[in-house]
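Report on the structure given below.
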Amino acid sequence: MASEPENKETNPLPTPEAGAPSPLVAALQREHPEWIAEVIEAFSETTIVVPREHIVAACSFLKTSPETRFDFLSDICGADRGPEEDPRFEVNYHLFSTTKHHRLRLKVVLSEEDAHVPTVTGVWRTANWHERETFDLFGVIFDGHPDLRRILLPDDWQGHALRKDFPLRGYEPYSLK
Amino acid sequence: MSSVVNIPPQFEVVDRPLDTQMTISMGPQHPSTHGVLRLELVLDGEMVVKTTPDIGYLHTGMEKLFEYKKYQQGIVITDRMDYLNPLGNNLAYCMAAEKLLGLEIPERAQVIRVLMCELQRIASHLVWLGTHALDIGAMTVFFYCFREREKILNLIEAASGGRLTPSYFRIGGLMMDLPAGFERRCKQFLDAFPGAVDEFHTLLTGNRIFQNRTQGVGRISAEDAIDWGLSGPCLRGSGVNLDIRRANPYCGYENYDFEVPTEPDGDVWARYMVRMREMKESHKISAQALSRLRPGPVKADAPKVVLPDREAMKSHMDALIHHFLIVAEGFDVPAGEVYFPIEASKGELGVYMKSDGGPKPSRVHFRGPSFVNLSALPVMAEGEMVADVVAIIGSLDIVLGEIDR
């Protein structure tokens, strides 16, 4: 039943026998090794941890490079590792190629004091609402976003609801001001 | 009363901006917004200059709730997201957890999952068709669609006990096997269904009013559709041949014979035609799945994850202990993160699930197709008439429960 965790390797240089998705990593590795902070191959999915300052360049490269062609941004979602962790926040970008049908996850990790990440709305316009949602629920600021407002919660909501230190039932009942 | 007004024989309609703009709020209680969607429309006369969707009226913090519930308790939350396609939500959630656990699902359970999901897809498309036609002004279609949907809901009820919130799939298989006589009833429905689709075609497809209201309205090009992340019938309506069932097969979809309908035009009519053809394809897959049903287990062989049978609990001590532990304490899921996409009735439904090793997920995120498809509404609605916005919203097939979560 729990045989999968053995597959979890965290090595910066992917080995050729790591599975099908590693050519994607190799493409990035060859051109821009400084964009790769860590590669995680687990559960037959590939995750590349990208330093924050390179995320837009990495996304544009992966979108246009003929080997990768990640023209479709499936999803962006945030995650909170907990208030005592540093870096505390993750932003996960789930990339998909409509022609090659492969998938890749990019991950940016952010500290609580400096939860800023450049927007990728210039690469895929669909990022707009995903980034607004992540901002709304985690308080991650997407620098350069054209319309960074709350999307699910009311504009005058206090706090960010999906942070681990936000109580499940909130602080007090919400009422319109 | 004999004053005769001289009406000129022909009007010349001039598309001239009025130089005055008006902002109106459409919704959140407007029936054609399919729930509680509010649109802020900036109008020039009757022409839409800018659309700003305002969502969140139904936000209930489901993604937060997942973090406080055990894995198996999360299944019932997923029913309430896209309430027209609850089995699809169940499937994506369960399969994400199964990927983390590394569970092998038995053949019979896979086939039943495909069968139920395709029936659910037909039911979801029927609600779309009925309400879409209703929005545009065709009342009758609605009743015919709901007549057929009722038959599917009866089948789902027979299998799971629930009609709108079935929660039929479990992590590791199904809640229980299909009841006796299900195959006969399902076959009865499937035999009659192509006739019903033909009936819908006679009501709408040849209808001049319906054609004029939908053809050329709300266009989006293939490049824009991909850039805006459209998926499902909305993307295929722009001529992109992409279906997750084909691109990243799951549940054995690679073994089924079906076509992926696409239409090149990218307008409301194209999305209509794609869904109409998709119902026939789903019918085809359902019939194949039904013919492939062979006796066998419907739960994975994983006693620490899957609840034991009632009979086994009465005779085996370990089954009783496992039952107690699963219900009282849940089961631990290996640490890690997965993203599991499926082709739901509205498009790519992806579940991002992150575990830190305990019985409750650390993060569950749903990439709802309605959420992303709605974000492209401003592009489609720009330059159209107000009345066409209603047609475009209908063609997107959104469910606010999934958008707001």
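Lettering and numbering for the structure tokens are positional, with chains as A, B, ... in the shown order, residues counted from 1 in each chain, and ligands counted from 1 in the shown order.
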Within 10 Å of chain B: residues of chain A, using only C-alpha atoms, as JSON, numbers by chain = {"A": [1, 2, 3, 4, 5, 8, 42, 43, 44, 45, 46, 47, 71, 72, 73, 74, 75, 76, 77, 78, 79, 80, 81, 82, 92, 94, 97, 98, 99, 100, 101, 102, 103, 104, 105, 121, 123, 124, 125, 126, 127, 128, 129, 130, 137, 150, 151, 152, 153, 154, 161, 162, 163, 164, 166, 167, 168, 169]}
Mind dumping a table of every region 104-213 of chain B residue within 7 Å of region 285-291 of chain B, with the nearest atom pair and its distance in Å to one decimal, using only C-alpha atoms, sorted by chain and rising number, as a Markdown table?
```
| residue | atom | partner | partner_atom | distance |
| --- | --- | --- | --- | --- |
| B:Val111 | CA | B:Ala289 | CA | 5.7 |
| B:Val114 | CA | B:Ala289 | CA | 6.8 |
| B:Leu115 | CA | B:Ser286 | CA | 4.9 |
| B:Glu118 | CA | B:Ser286 | CA | 6.0 |
| B:Leu119 | CA | B:Ser286 | CA | 6.8 |
| B:Leu190 | CA | B:Ala287 | CA | 6.9 |
```
Among region 91-222 of chain B, which residues carry a DSSP assignment of helix (DSSP H, G or I), reported as a ChimeraX atom specification?
-> /B:91-101,107-136,140-160,182-205,208-214,222
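Across the model, the gap from CA of Gly170 (chain A) to CA of Ile75 (chain B) is 23.2 Å.
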Trp35 (chain A) surroundings by only C-alpha atoms, 7 Å radius, close-in-sequence under 5 positions cut, as a ChimeraX atom specification = /A:50-51,54,58
Quick one: everything within 8 Å of Met279 (chain B), counting only C-alpha atoms, minus sequence neighbours fewer than 2 positions away in the same chain. Send it as a ChimeraX atom specification.
-> /B:121-122,125,197,275-277,281-283
Name all residues at most 9 Å from region 24-38 of chain B (count only C-alpha atoms; drop same-chain ones fewer than 6 positions away) and give them as a PyMOL selection string.
-> chain B and resi 52-58+131-132+134-135+390-391+393-394+397-401
Exercise: region 84-89 of chain B partners within 8 Å, only C-alpha atoms, chain neighbours under 2 positions left out, as a list of chain:residue names |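 My reading of the contact set: B:Thr78, B:Asp79, B:Arg80, B:Met81, B:Asp82, B:Leu91, B:Ala92, B:Tyr93, B:Met116, B:Cys117, B:Gln120, B:Arg121, B:Ala123, B:Ser124, B:Val127, B:Leu164, B:Thr165, B:Pro166, B:Ser167, B:Tyr168, B:Phe169, B:Ile342, B:Ala344, B:Ser345, B:Leu349, B:Val399.
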Env of Ala138 (chain B): 9 Å cut, atoms = only C-alpha atoms, seq-sep filter 4 positions within chain, self excluded. Answer as a PDB file with N, CA and C atoms, in the first residue's frame.
```pdb
ATOM      1  N   GLY B 130     -30.862  22.451 -21.296  1.00  0.00           N
ATOM      2  CA  GLY B 130     -32.173  22.968 -20.885  1.00  0.00           C
ATOM      3  C   GLY B 130     -32.092  24.431 -20.487  1.00  0.00           C
ATOM      4  N   HIS B 132     -29.654  26.621 -21.087  1.00  0.00           N
ATOM      5  CA  HIS B 132     -29.134  27.463 -22.171  1.00  0.00           C
ATOM      6  C   HIS B 132     -30.268  27.828 -23.120  1.00  0.00           C
ATOM      7  N   ALA B 133     -31.073  26.827 -23.468  1.00  0.00           N
ATOM      8  CA  ALA B 133     -32.200  27.098 -24.363  1.00  0.00           C
ATOM      9  C   ALA B 133     -33.216  28.010 -23.676  1.00  0.00           C
ATOM     10  N   LEU B 134     -33.392  27.788 -22.375  1.00  0.00           N
ATOM     11  CA  LEU B 134     -34.341  28.610 -21.617  1.00  0.00           C
ATOM     12  C   LEU B 134     -33.896  30.069 -21.609  1.00  0.00           C
ATOM     13  N   PHE B 142     -36.256  22.583 -22.111  1.00  0.00           N
ATOM     14  CA  PHE B 142     -35.966  22.387 -20.695  1.00  0.00           C
ATOM     15  C   PHE B 142     -36.679  21.146 -20.142  1.00  0.00           C
ATOM     16  N   LEU B 203     -35.721  20.123 -31.998  1.00  0.00           N
ATOM     17  CA  LEU B 203     -36.275  21.292 -31.315  1.00  0.00           C
ATOM     18  C   LEU B 203     -35.407  22.526 -31.522  1.00  0.00           C
ATOM     19  N   LEU B 204     -34.072  22.351 -31.556  1.00  0.00           N
ATOM     20  CA  LEU B 204     -33.205  23.523 -31.529  1.00  0.00           C
ATOM     21  C   LEU B 204     -32.344  23.710 -32.777  1.00  0.00           C
ATOM     22  N   PHE B 210     -32.901  30.237 -32.924  1.00  0.00           N
ATOM     23  CA  PHE B 210     -31.779  29.759 -32.122  1.00  0.00           C
ATOM     24  C   PHE B 210     -30.458  29.939 -32.884  1.00  0.00           C
TER      25      PHE B 210
END
```
Report as number ranges by chain: the residues of chain A with a DSSP assignment of strand (DSSP E), based on the backbone of this structure.
-> A: 9-10, 38-42, 45-49, 72-80, 89-96, 103-110, 116-118, 141-143
Figure out the distance between CA of Leu41 (chain B) and CA of Ser221 (chain B), please, to one decimal in Å.
-> 22.5 Å
Pick from A:Val120, A:Glu85, A:Val25, A:Val39 nearest to Cys59 (chain A), counting only C-alpha atoms | A:Val120
So which one's closest to Glu38 (chain A), A:Val117, A:Leu148, A:Val108, A:Ile141? Using only C-alpha atoms, please.
->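 Answer, going by the shortest atom-to-atom distance: A:Val108.
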